[in-house]
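Coordinates from input.cif are shown below (mmCIF, C-alpha atoms).
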data_model
loop_
_atom_site.label_atom_id
_atom_site.label_comp_id
_atom_site.auth_asym_id
_atom_site.auth_seq_id
_atom_site.Cartn_x
_atom_site.Cartn_y
_atom_site.Cartn_z
CA MET A 1 72.08 82.02 144.06
CA PRO A 2 75.43 82.87 145.66
CA ASP A 3 78.45 82.37 143.47
CA GLU A 4 80.47 79.77 145.37
CA ASN A 5 83.17 79.31 142.79
CA PRO A 6 83.93 82.56 141.00
CA SER A 7 87.19 81.39 139.42
CA PRO A 8 85.64 80.16 136.12
CA GLN A 9 84.48 83.76 135.62
CA ILE A 10 87.97 85.15 135.77
CA PRO A 11 89.20 84.10 132.30
CA ARG A 12 86.18 85.73 130.72
CA ARG A 13 86.68 88.90 132.75
CA GLN A 14 90.36 89.04 131.80
CA PHE A 15 89.40 88.53 128.17
CA TRP A 16 87.05 91.52 128.22
CA ARG A 17 89.58 93.66 130.08
CA GLY A 18 91.95 92.99 127.19
CA VAL A 19 89.29 93.89 124.63
CA GLN A 20 88.49 97.08 126.54
CA ALA A 21 92.14 98.11 126.81
CA ILE A 22 92.72 97.91 123.06
CA LEU A 23 89.43 99.56 121.97
CA PRO A 24 90.77 103.16 121.79
CA ILE A 25 93.65 101.96 119.59
CA LEU A 26 91.25 100.20 117.22
CA VAL A 27 89.80 103.56 116.22
CA GLY A 28 93.17 104.36 114.67
CA VAL A 29 93.69 100.87 113.26
CA PHE A 30 90.36 100.72 111.42
CA PRO A 31 91.08 103.42 108.82
CA PHE A 32 94.58 102.01 108.48
CA GLY A 33 93.12 98.59 107.56
CA MET A 34 90.75 100.18 105.07
CA ILE A 35 93.64 102.02 103.45
CA TYR A 36 95.56 98.78 103.11
CA GLY A 37 92.56 97.25 101.35
CA ALA A 38 92.19 100.26 99.07
CA LEU A 39 95.92 100.26 98.21
CA ALA A 40 95.82 96.54 97.47
CA VAL A 41 93.02 97.19 94.96
CA LYS A 42 95.06 100.02 93.41
CA ALA A 43 98.06 97.65 93.09
CA ASP A 44 95.81 95.24 91.14
CA ILE A 45 96.00 92.60 93.87
CA PRO A 46 92.86 90.44 93.55
CA PHE A 47 90.39 90.10 96.42
CA PHE A 48 91.47 86.69 97.69
CA PRO A 49 95.24 87.29 97.97
CA ALA A 50 94.65 90.81 99.36
CA ALA A 51 92.44 89.42 102.14
CA SER A 52 94.75 86.43 102.69
CA MET A 53 97.69 88.71 103.38
CA SER A 54 95.78 90.21 106.31
CA PHE A 55 95.05 86.70 107.52
CA ILE A 56 98.47 85.09 106.93
CA THR A 57 100.99 87.90 107.33
CA PHE A 58 98.79 89.98 109.66
CA ALA A 59 101.25 92.88 110.00
CA GLY A 60 99.93 96.23 108.85
CA SER A 61 102.98 98.31 108.07
CA SER A 62 104.62 95.51 106.09
CA GLN A 63 101.38 94.83 104.18
CA PHE A 64 101.19 98.51 103.33
CA VAL A 65 104.73 98.53 101.96
CA ALA A 66 104.09 95.23 100.16
CA THR A 67 101.28 96.80 98.10
CA GLN A 68 103.66 99.56 97.00
CA MET A 69 106.33 97.01 96.07
CA VAL A 70 103.91 94.76 94.15
CA ARG A 71 102.79 97.85 92.25
CA GLN A 72 106.41 98.53 91.28
CA ALA A 73 106.90 94.84 90.37
CA ALA A 74 109.78 94.47 92.83
CA PRO A 75 111.45 91.02 92.91
CA VAL A 76 109.96 88.55 95.41
CA VAL A 77 113.20 88.25 97.40
CA ILE A 78 113.52 92.01 97.97
CA THR A 79 109.82 92.34 98.85
CA VAL A 80 109.95 89.50 101.38
CA LEU A 81 113.26 90.77 102.83
CA THR A 82 111.85 94.29 103.28
CA MET A 83 108.73 92.93 104.97
CA PHE A 84 110.92 90.74 107.18
CA VAL A 85 113.01 93.71 108.33
CA ILE A 86 109.91 95.86 108.94
CA ASN A 87 108.54 93.03 111.10
CA LEU A 88 111.80 92.29 112.93
CA ARG A 89 110.65 94.50 115.79
CA HIS A 90 108.25 91.72 116.77
CA ALA A 91 111.25 89.67 117.97
CA LEU A 92 111.68 92.33 120.61
CA TYR A 93 108.05 92.07 121.69
CA SER A 94 108.47 88.30 121.75
CA ALA A 95 111.50 88.58 124.06
CA SER A 96 109.68 91.10 126.22
CA VAL A 97 106.56 88.95 126.85
CA ALA A 98 108.44 85.62 126.92
CA GLY A 99 108.94 85.63 130.69
CA TYR A 100 105.24 86.24 131.31
CA VAL A 101 104.00 83.42 129.06
CA ARG A 102 106.69 80.93 130.09
CA HIS A 103 104.32 78.84 132.23
CA LEU A 104 101.74 78.43 129.44
CA SER A 105 101.21 75.32 127.31
CA PRO A 106 102.77 75.11 123.81
CA ALA A 107 99.31 75.63 122.29
CA TRP A 108 98.89 78.94 124.12
CA LYS A 109 102.37 80.06 123.07
CA LEU A 110 101.76 79.17 119.42
CA GLY A 111 98.42 80.98 119.44
CA LEU A 112 99.50 84.11 121.30
CA ALA A 113 102.57 84.44 119.04
CA TYR A 114 100.24 84.80 116.04
CA LEU A 115 98.40 87.64 117.83
CA LEU A 116 101.57 89.52 118.87
CA THR A 117 101.08 92.80 116.99
CA ASP A 118 102.34 96.29 117.90
CA GLU A 119 99.02 97.27 119.40
CA ALA A 120 98.29 94.01 121.27
CA TYR A 121 101.84 94.09 122.62
CA ALA A 122 101.52 97.67 123.85
CA VAL A 123 98.43 97.02 126.00
CA THR A 124 99.45 93.49 127.04
CA ILE A 125 102.90 94.39 128.32
CA SER A 126 101.56 97.27 130.39
CA ASN A 127 98.98 94.87 131.87
CA TYR A 128 101.67 92.27 132.63
CA ARG A 129 103.85 94.90 134.30
CA GLN A 130 100.98 95.96 136.55
CA GLU A 131 99.41 92.59 137.26
CA GLY A 132 102.21 90.03 136.80
CA SER A 133 101.65 86.79 134.90
CA GLN A 134 99.34 85.00 137.36
CA GLY A 135 95.52 85.11 137.45
CA ASN A 136 94.77 84.09 133.87
CA GLN A 137 96.40 87.20 132.44
CA GLN A 138 96.92 85.28 129.19
CA TYR A 139 93.20 85.82 128.55
CA PHE A 140 93.83 89.57 128.63
CA PHE A 141 96.47 89.03 125.90
CA LEU A 142 94.03 86.81 123.98
CA GLY A 143 91.21 89.38 124.26
CA ALA A 144 93.39 92.28 123.12
CA GLY A 145 94.96 90.19 120.34
CA LEU A 146 91.67 88.81 118.99
CA ALA A 147 89.93 92.20 119.11
CA LEU A 148 92.73 93.69 117.03
CA TRP A 149 92.71 90.68 114.70
CA LEU A 150 88.97 91.00 114.08
CA CYS A 151 89.22 94.77 113.56
CA TRP A 152 92.05 94.24 111.07
CA GLN A 153 90.20 91.57 109.05
CA ILE A 154 86.96 93.56 108.89
CA SER A 155 88.58 96.90 108.04
CA THR A 156 90.76 95.22 105.41
CA LEU A 157 87.75 93.57 103.77
CA LEU A 158 85.85 96.87 103.82
CA GLY A 159 88.84 98.62 102.29
CA ILE A 160 89.08 96.05 99.50
CA LEU A 161 85.35 96.32 98.77
CA LEU A 162 85.03 100.11 99.13
CA GLY A 163 88.58 101.08 98.22
CA ALA A 164 87.78 102.21 94.73
CA VAL A 165 84.92 104.41 96.02
CA ILE A 166 86.76 106.43 98.70
CA PRO A 167 87.52 109.87 97.23
CA GLU A 168 91.20 110.83 97.02
CA SER A 169 90.40 114.18 98.62
CA TRP A 170 89.78 112.49 101.98
CA SER A 171 93.54 111.83 102.10
CA LEU A 172 92.84 108.69 104.15
CA ASP A 173 96.30 107.32 103.36
CA PHE A 174 97.71 109.96 105.73
CA ALA A 175 96.42 107.76 108.57
CA LEU A 176 99.46 105.52 107.98
CA PRO A 177 102.18 108.02 108.98
CA LEU A 178 99.87 109.42 111.68
CA THR A 179 99.47 105.98 113.25
CA PHE A 180 103.23 105.47 113.15
CA ILE A 181 103.84 108.94 114.66
CA ALA A 182 101.45 108.09 117.50
CA LEU A 183 103.28 104.78 118.05
CA ILE A 184 106.87 105.97 117.89
CA VAL A 185 107.11 109.59 119.09
CA PRO A 186 106.13 108.93 122.73
CA SER A 187 108.72 106.14 122.94
CA LEU A 188 111.66 108.29 121.80
CA LYS A 189 113.40 109.19 125.03
CA GLU A 190 117.07 108.43 124.66
CA ARG A 191 119.74 109.63 122.27
CA ALA A 192 120.27 106.30 120.49
CA GLY A 193 116.61 105.98 119.48
CA ILE A 194 116.30 109.62 118.40
CA THR A 195 119.52 109.35 116.38
CA ALA A 196 118.30 106.14 114.71
CA ALA A 197 114.96 107.76 113.80
CA LEU A 198 116.43 111.01 112.46
CA THR A 199 119.20 109.30 110.49
CA SER A 200 116.74 106.86 108.97
CA ALA A 201 114.32 109.66 108.04
CA VAL A 202 117.03 111.73 106.32
CA VAL A 203 118.51 108.72 104.47
CA GLY A 204 115.00 107.67 103.43
CA ILE A 205 114.47 111.04 101.72
CA LEU A 206 117.95 111.19 100.14
CA ALA A 207 117.69 107.59 98.90
CA TYR A 208 113.99 107.67 97.93
CA ALA A 209 114.80 107.09 94.25
CA MET A 210 116.36 103.66 94.84
CA PRO A 211 114.39 100.98 92.99
CA PHE A 212 111.94 98.60 94.71
CA LYS A 213 111.71 100.66 97.92
CA LEU A 214 115.25 99.57 98.81
CA SER A 215 115.44 103.01 100.44
CA ILE A 216 113.53 101.58 103.42
CA LEU A 217 116.06 98.79 104.07
CA THR A 218 119.02 101.11 103.48
CA ALA A 219 117.66 103.87 105.73
CA ALA A 220 116.70 101.47 108.52
CA LEU A 221 120.11 99.74 108.55
CA LEU A 222 122.00 103.07 108.55
CA GLY A 223 119.67 104.43 111.23
CA ILE A 224 120.23 101.42 113.50
CA THR A 225 124.01 101.66 112.95
CA ALA A 226 124.00 105.38 113.77
CA GLY A 227 122.03 104.71 116.94
CA LEU A 228 124.46 102.01 118.07
CA LEU A 229 127.47 104.27 117.33
CA VAL A 230 126.04 107.17 119.35
CA GLU A 231 125.48 104.82 122.25
CA LYS A 232 129.00 103.36 122.07
CA LYS A 233 130.61 106.80 122.22
CA ARG A 234 129.17 107.57 125.61
CA MET B 1 102.29 83.02 91.43
CA ASN B 2 104.69 85.60 92.86
CA LEU B 3 102.01 87.23 94.97
CA TRP B 4 101.24 84.04 96.87
CA LEU B 5 104.97 83.39 97.34
CA ILE B 6 105.30 86.84 98.96
CA ILE B 7 102.26 86.32 101.19
CA ILE B 8 103.32 82.86 102.38
CA LEU B 9 107.05 83.56 102.83
CA ALA B 10 106.42 86.88 104.60
CA GLY B 11 103.74 85.17 106.68
CA ILE B 12 106.05 82.36 107.80
CA LEU B 13 108.94 84.74 108.55
CA THR B 14 106.70 87.13 110.47
CA TYR B 15 105.15 84.33 112.51
CA LEU B 16 108.57 82.83 113.35
CA THR B 17 109.79 86.31 114.38
CA ARG B 18 106.82 86.67 116.74
CA LEU B 19 107.24 83.16 118.11
CA SER B 20 111.05 83.36 118.45
CA PHE B 21 111.68 84.27 122.09
CA ILE B 22 108.32 83.11 123.38
CA TRP B 23 109.39 79.63 122.26
CA LEU B 24 113.13 79.70 122.90
CA LEU B 25 113.56 81.91 125.97
CA HIS B 26 114.97 79.30 128.29
CA ARG B 27 117.34 77.99 125.64
CA VAL B 28 119.05 81.06 124.21
CA ASN B 29 120.56 84.31 125.43
CA VAL B 30 120.36 87.42 123.29
CA PRO B 31 123.77 89.13 123.03
CA PRO B 32 123.48 92.70 124.39
CA LEU B 33 124.50 94.28 121.07
CA ALA B 34 121.78 92.34 119.18
CA GLN B 35 119.26 93.33 121.83
CA ARG B 36 120.11 97.01 121.42
CA ALA B 37 120.04 96.74 117.63
CA LEU B 38 116.57 95.15 117.84
CA GLU B 39 115.37 97.95 120.10
CA LEU B 40 116.41 100.45 117.45
CA VAL B 41 114.49 98.67 114.65
CA PRO B 42 111.10 100.30 115.37
CA PRO B 43 112.29 103.93 115.50
CA ALA B 44 114.44 103.41 112.39
CA VAL B 45 111.84 101.57 110.28
CA LEU B 46 108.84 103.66 111.31
CA ALA B 47 110.78 106.95 110.90
CA VAL B 48 111.73 106.24 107.28
CA ILE B 49 108.12 105.36 106.41
CA ILE B 50 106.81 108.49 108.21
CA ALA B 51 109.38 110.69 106.45
CA GLN B 52 108.62 109.28 103.00
CA GLU B 53 104.85 109.51 103.49
CA MET B 54 105.15 113.16 104.62
CA LEU B 55 107.83 114.43 102.24
CA ILE B 56 107.69 112.39 99.02
CA ARG B 57 104.73 113.38 96.85
CA ASP B 58 104.10 111.93 93.39
CA GLY B 59 107.48 110.23 93.42
CA ALA B 60 109.66 113.26 94.26
CA PRO B 61 110.66 115.14 97.42
CA ALA B 62 108.20 117.97 98.14
CA LEU B 63 109.91 120.12 100.76
CA THR B 64 107.84 123.30 100.44
CA LEU B 65 104.81 124.59 102.34
CA HIS B 66 102.69 123.74 99.30
CA ASN B 67 102.91 120.20 100.64
CA PRO B 68 100.39 120.34 103.52
CA ARG B 69 101.55 116.96 104.87
CA ILE B 70 104.70 118.57 106.32
CA LEU B 71 102.81 120.95 108.61
CA ALA B 72 100.07 118.43 109.42
CA GLY B 73 102.71 115.82 110.26
CA LEU B 74 104.62 118.26 112.48
CA VAL B 75 101.39 119.14 114.31
CA ALA B 76 100.78 115.41 114.88
CA ILE B 77 104.34 114.91 116.14
CA VAL B 78 103.89 117.73 118.69
CA VAL B 79 100.53 116.30 119.81
CA ALA B 80 102.02 112.79 120.16
CA TRP B 81 105.00 114.15 122.06
CA ARG B 82 102.98 116.31 124.48
CA THR B 83 99.93 114.08 125.06
CA ARG B 84 101.07 110.49 124.24
CA ASN B 85 97.49 110.00 123.09
CA THR B 86 97.18 107.76 120.00
CA LEU B 87 93.65 108.70 119.07
CA LEU B 88 94.13 112.44 119.58
CA THR B 89 97.30 112.35 117.47
CA ILE B 90 95.51 110.73 114.53
CA ILE B 91 92.41 112.95 114.76
CA VAL B 92 94.34 116.23 115.10
CA GLY B 93 96.79 115.23 112.34
CA MET B 94 93.98 114.26 109.97
CA ALA B 95 92.00 117.44 110.76
CA ALA B 96 95.13 119.57 110.24
CA LEU B 97 95.66 118.00 106.81
CA LEU B 98 92.05 118.53 105.73
CA VAL B 99 92.09 122.17 106.91
CA LEU B 100 95.43 122.88 105.20
CA ASN B 101 94.18 121.18 102.03
CA ALA B 102 91.08 123.41 102.05
CA LEU B 103 93.20 126.53 102.65
CA LEU B 104 95.59 125.67 99.82
CA LEU B 105 92.78 125.02 97.37
CA GLY B 106 90.72 128.01 98.46
#

What does this structure look like when you write it as structure tokens?
Amino acid sequence: MPDENPSPQIPRRQFWRGVQAILPILVGVFPFGMIYGALAVKADIPFFPAASMSFITFAGSSQFVATQMVRQAAPVVITVLTMFVINLRHALYSASVAGYVRHLSPAWKLGLAYLLTDEAYAVTISNYRQEGSQGNQQYFFLGAGLALWLCWQISTLLGILLGAVIPESWSLDFALPLTFIALIVPSLKERAGITAALTSAVVGILAYAMPFKLSILTAALLGITAGLLVEKKR
Amino acid sequence: MNLWLIIILAGILTYLTRLSFIWLLHRVNVPPLAQRALELVPPAVLAVIIAQEMLIRDGAPALTLHNPRILAGLVAIVVAWRTRNTLLTIIVGMAALLVLNALLLG
């Protein structure tokens, strides 16, 4: 039977294109999620809250740091503030995709915002730049976002369940800096960004002994300031 | 319980951050300085975490070659820089660490 009206197929096709685009990244995310789960167990976070953080906060790097801060019994305010700053970059992703999702209903906007992670953003924005916002491209976003979401929930659960069993000698926790290196190094092209990264790295080592991981906030703020100053000079 | 307070507050703040411009775009303008500062958040935040994960071992700076994470991390940085390939960066970095670990122990 000839397909007289192919348009209902398009959302599904866009959805799977999104899933396909994010698949290679999931290979890196999976061990990362397992490590989060394992670290949560090590920080004596019970199963239900550990899994809920993946569901409610749903932001890997901040969850990772949160387990370290809970372990050190850092005050709630400092922990939440650190997580907030780590996640501030999402405002940038939000601004960057805003123009492409402008025509969507409030329900779509509320849903896609929840799925706006580093990885989903990376593949979605490159799709939007190539294809524009028309032709049900929001399903691409949805597919990429949901695939990452599912991968994160499953890997986290596995990590919580198997965390205690994974031998230390596998050094799986090294997947965290490796994932961040893969995310950030290719994007460092201009002086301001490189200055911000280097300053922050050096301050983070010099200030590592600050209590409650305050070294992260301090280093990030000084790094951003250094980057802005370098840019202003030119 | 403190843990739930952290999860819920961080969850709300993170969600509002993600929703911010998607929701408000046609109503607000981001000042250029704030925009630039936001663009510098990822390199700054990720760099401090990378540096601490590579260089701080057992709660103290470990800046010698006995810390295999330095070399393995540098290898990963070169791979990321030259190839821009996420998966390759993680695999090569992980393999480098395991090989260096074996060499140091053996």

Under the rule that all atoms listed in the file are counted, which of B:Ala10, B:Ala80, B:Ile22, B:Leu88 is the nearest residue to Leu116 (chain A)? B:Ile22

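The set of residues that the PyMOL selection byres ((chain A) within 6 of (chain B)) takes from this file is Met53, Ile56, Thr57, Val80, Arg89, His90, Ala91, Ser94, Ala95, Ala98, Ala113, Pro177, Leu178, Ala182, Val185, Pro186, Gly193, Ala196, Ala197, Ser200, Ala201, Gly204, Ala220, Gly223 and Ile224 of chain A.
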
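Note that CA of Ser155 (chain A) and CA of Phe30 (chain A) are 5.4 Å apart.
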
Kindly give the distance, in Å, that separates CA of Gly18 (chain A) and CA of Phe141 (chain A), rounded to a single decimal. 6.1 Å

Shortest interatomic distance to Gln137 (chain A) - which of A:Thr225, A:Val101, A:Leu162, A:Ser61, counting only C-alpha atoms: A:Val101

Just need the box for region 157-165 of chain A, edges along x, y and z, holding every atom the file lists for it with 4 Å tacked onto each side, so centre and edge lengths in Å to one decimal, as lines of an AutoDock Vina configuration file.
center_x = 87.0
center_y = 99.0
center_z = 99.3
size_x = 12.2
size_y = 18.8
size_z = 17.1

Determine the nearest neighbour of Val29 (chain A) from the options A:Tyr100, A:Gln138, A:Leu229, A:Phe180, counting only C-alpha atoms. A:Phe180

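Going from CA of Asn67 (chain B) over to CA of Leu188 (chain A), you cover 25.8 Å.
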
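With only C-alpha atoms as the atoms that count, the residue of A:Leu142, A:Ser52, A:Phe32, A:Ile194 with the shortest distance to Lys109 (chain A) is A:Leu142.
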
Name the residues that the PyMOL selection byres ((chain A and resi 70) around 9) pulls out of this structure, and write them as a ChimeraX atom specification. /A:40,43-45,65-69,71-76,79,212 /B:3

Fewer than 4 positions away in the same chain doesn't count, so skip those; otherwise give me all residues within 8 Å of Thr82 (chain A), counting all atoms listed in the file, as a compact mmCIF listing (two decimals) with C-alpha atoms, in the coordinates of the input.
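The resulting part-v8.txt:
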# COMPACT_ATOMS: atom_id res chain seq x y z
CA SER A 62 104.62 95.51 106.09
CA ILE A 78 113.52 92.01 97.97
CA ILE A 86 109.91 95.86 108.94
CA LEU A 214 115.25 99.57 98.81
CA ILE A 216 113.53 101.58 103.42
CA LEU A 217 116.06 98.79 104.07

Keeping N, CA and C atoms (and nothing else), can you write region 136-166 of chain A of this structure as a tab-separated table (two decimals), in the first residue's frame?
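See out20.tsv below for the written result:
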chain	number	residue	atom	x	y	z
A	136	ASN	N	9.66	19.19	12.73
A	136	ASN	CA	9.61	18.35	13.93
A	136	ASN	C	10.98	18.06	14.53
A	137	GLN	N	11.89	19.03	14.43
A	137	GLN	CA	13.22	18.82	14.98
A	137	GLN	C	13.19	18.65	16.51
A	138	GLN	N	12.09	19.10	17.14
A	138	GLN	CA	12.01	18.93	18.60
A	138	GLN	C	12.01	17.45	18.99
A	139	TYR	N	11.58	16.58	18.05
A	139	TYR	CA	11.62	15.15	18.34
A	139	TYR	C	13.05	14.62	18.36
A	140	PHE	N	13.92	15.25	17.58
A	140	PHE	CA	15.34	14.90	17.62
A	140	PHE	C	15.87	15.18	19.03
A	141	PHE	N	15.58	16.40	19.53
A	141	PHE	CA	15.95	16.84	20.88
A	141	PHE	C	15.40	15.83	21.90
A	142	LEU	N	14.11	15.49	21.76
A	142	LEU	CA	13.46	14.57	22.68
A	142	LEU	C	14.14	13.20	22.66
A	143	GLY	N	14.46	12.71	21.45
A	143	GLY	CA	15.10	11.40	21.32
A	143	GLY	C	16.47	11.38	21.98
A	144	ALA	N	17.27	12.42	21.67
A	144	ALA	CA	18.61	12.50	22.25
A	144	ALA	C	18.51	12.63	23.77
A	145	GLY	N	17.61	13.51	24.23
A	145	GLY	CA	17.46	13.76	25.66
A	145	GLY	C	17.00	12.53	26.42
A	146	LEU	N	15.99	11.83	25.89
A	146	LEU	CA	15.46	10.66	26.57
A	146	LEU	C	16.46	9.50	26.58
A	147	ALA	N	17.20	9.35	25.46
A	147	ALA	CA	18.20	8.27	25.41
A	147	ALA	C	19.25	8.49	26.49
A	148	LEU	N	19.69	9.75	26.63
A	148	LEU	CA	20.67	10.04	27.66
A	148	LEU	C	20.08	9.83	29.05
A	149	TRP	N	18.83	10.26	29.22
A	149	TRP	CA	18.15	10.13	30.51
A	149	TRP	C	18.09	8.66	30.93
A	150	LEU	N	17.67	7.81	29.97
A	150	LEU	CA	17.54	6.39	30.27
A	150	LEU	C	18.90	5.77	30.61
A	151	CYS	N	19.90	6.13	29.82
A	151	CYS	CA	21.26	5.63	30.04
A	151	CYS	C	21.74	6.03	31.43
A	152	TRP	N	21.45	7.28	31.82
A	152	TRP	CA	21.90	7.80	33.11
A	152	TRP	C	21.21	7.06	34.27
A	153	GLN	N	19.88	6.84	34.14
A	153	GLN	CA	19.15	6.17	35.22
A	153	GLN	C	19.63	4.73	35.37
A	154	ILE	N	19.80	4.04	34.23
A	154	ILE	CA	20.20	2.62	34.30
A	154	ILE	C	21.62	2.48	34.85
A	155	SER	N	22.54	3.30	34.33
A	155	SER	CA	23.93	3.17	34.76
A	155	SER	C	24.07	3.54	36.24
A	156	THR	N	23.30	4.55	36.66
A	156	THR	CA	23.32	4.95	38.06
A	156	THR	C	22.84	3.81	38.96
A	157	LEU	N	21.72	3.20	38.58
A	157	LEU	CA	21.18	2.09	39.36
A	157	LEU	C	22.18	0.94	39.44
A	158	LEU	N	22.79	0.62	38.28
A	158	LEU	CA	23.79	-0.45	38.26
A	158	LEU	C	24.95	-0.11	39.18
A	159	GLY	N	25.37	1.16	39.12
A	159	GLY	CA	26.49	1.59	39.97
A	159	GLY	C	26.17	1.45	41.44
A	160	ILE	N	24.92	1.81	41.81
A	160	ILE	CA	24.53	1.71	43.21
A	160	ILE	C	24.51	0.24	43.64
A	161	LEU	N	24.00	-0.62	42.75
A	161	LEU	CA	23.88	-2.04	43.10
A	161	LEU	C	25.23	-2.75	43.08
A	162	LEU	N	26.08	-2.40	42.07
A	162	LEU	CA	27.34	-3.13	41.91
A	162	LEU	C	28.53	-2.38	42.49
A	163	GLY	N	28.27	-1.12	42.91
A	163	GLY	CA	29.36	-0.23	43.30
A	163	GLY	C	30.36	-0.86	44.23
A	164	ALA	N	29.84	-1.56	45.24
A	164	ALA	CA	30.74	-2.11	46.25
A	164	ALA	C	31.60	-3.24	45.68
A	165	VAL	N	31.17	-3.80	44.52
A	165	VAL	CA	31.86	-4.98	43.98
A	165	VAL	C	32.99	-4.63	43.02
A	166	ILE	N	32.88	-3.42	42.38
A	166	ILE	CA	33.89	-3.05	41.37
A	166	ILE	C	35.25	-2.87	42.04
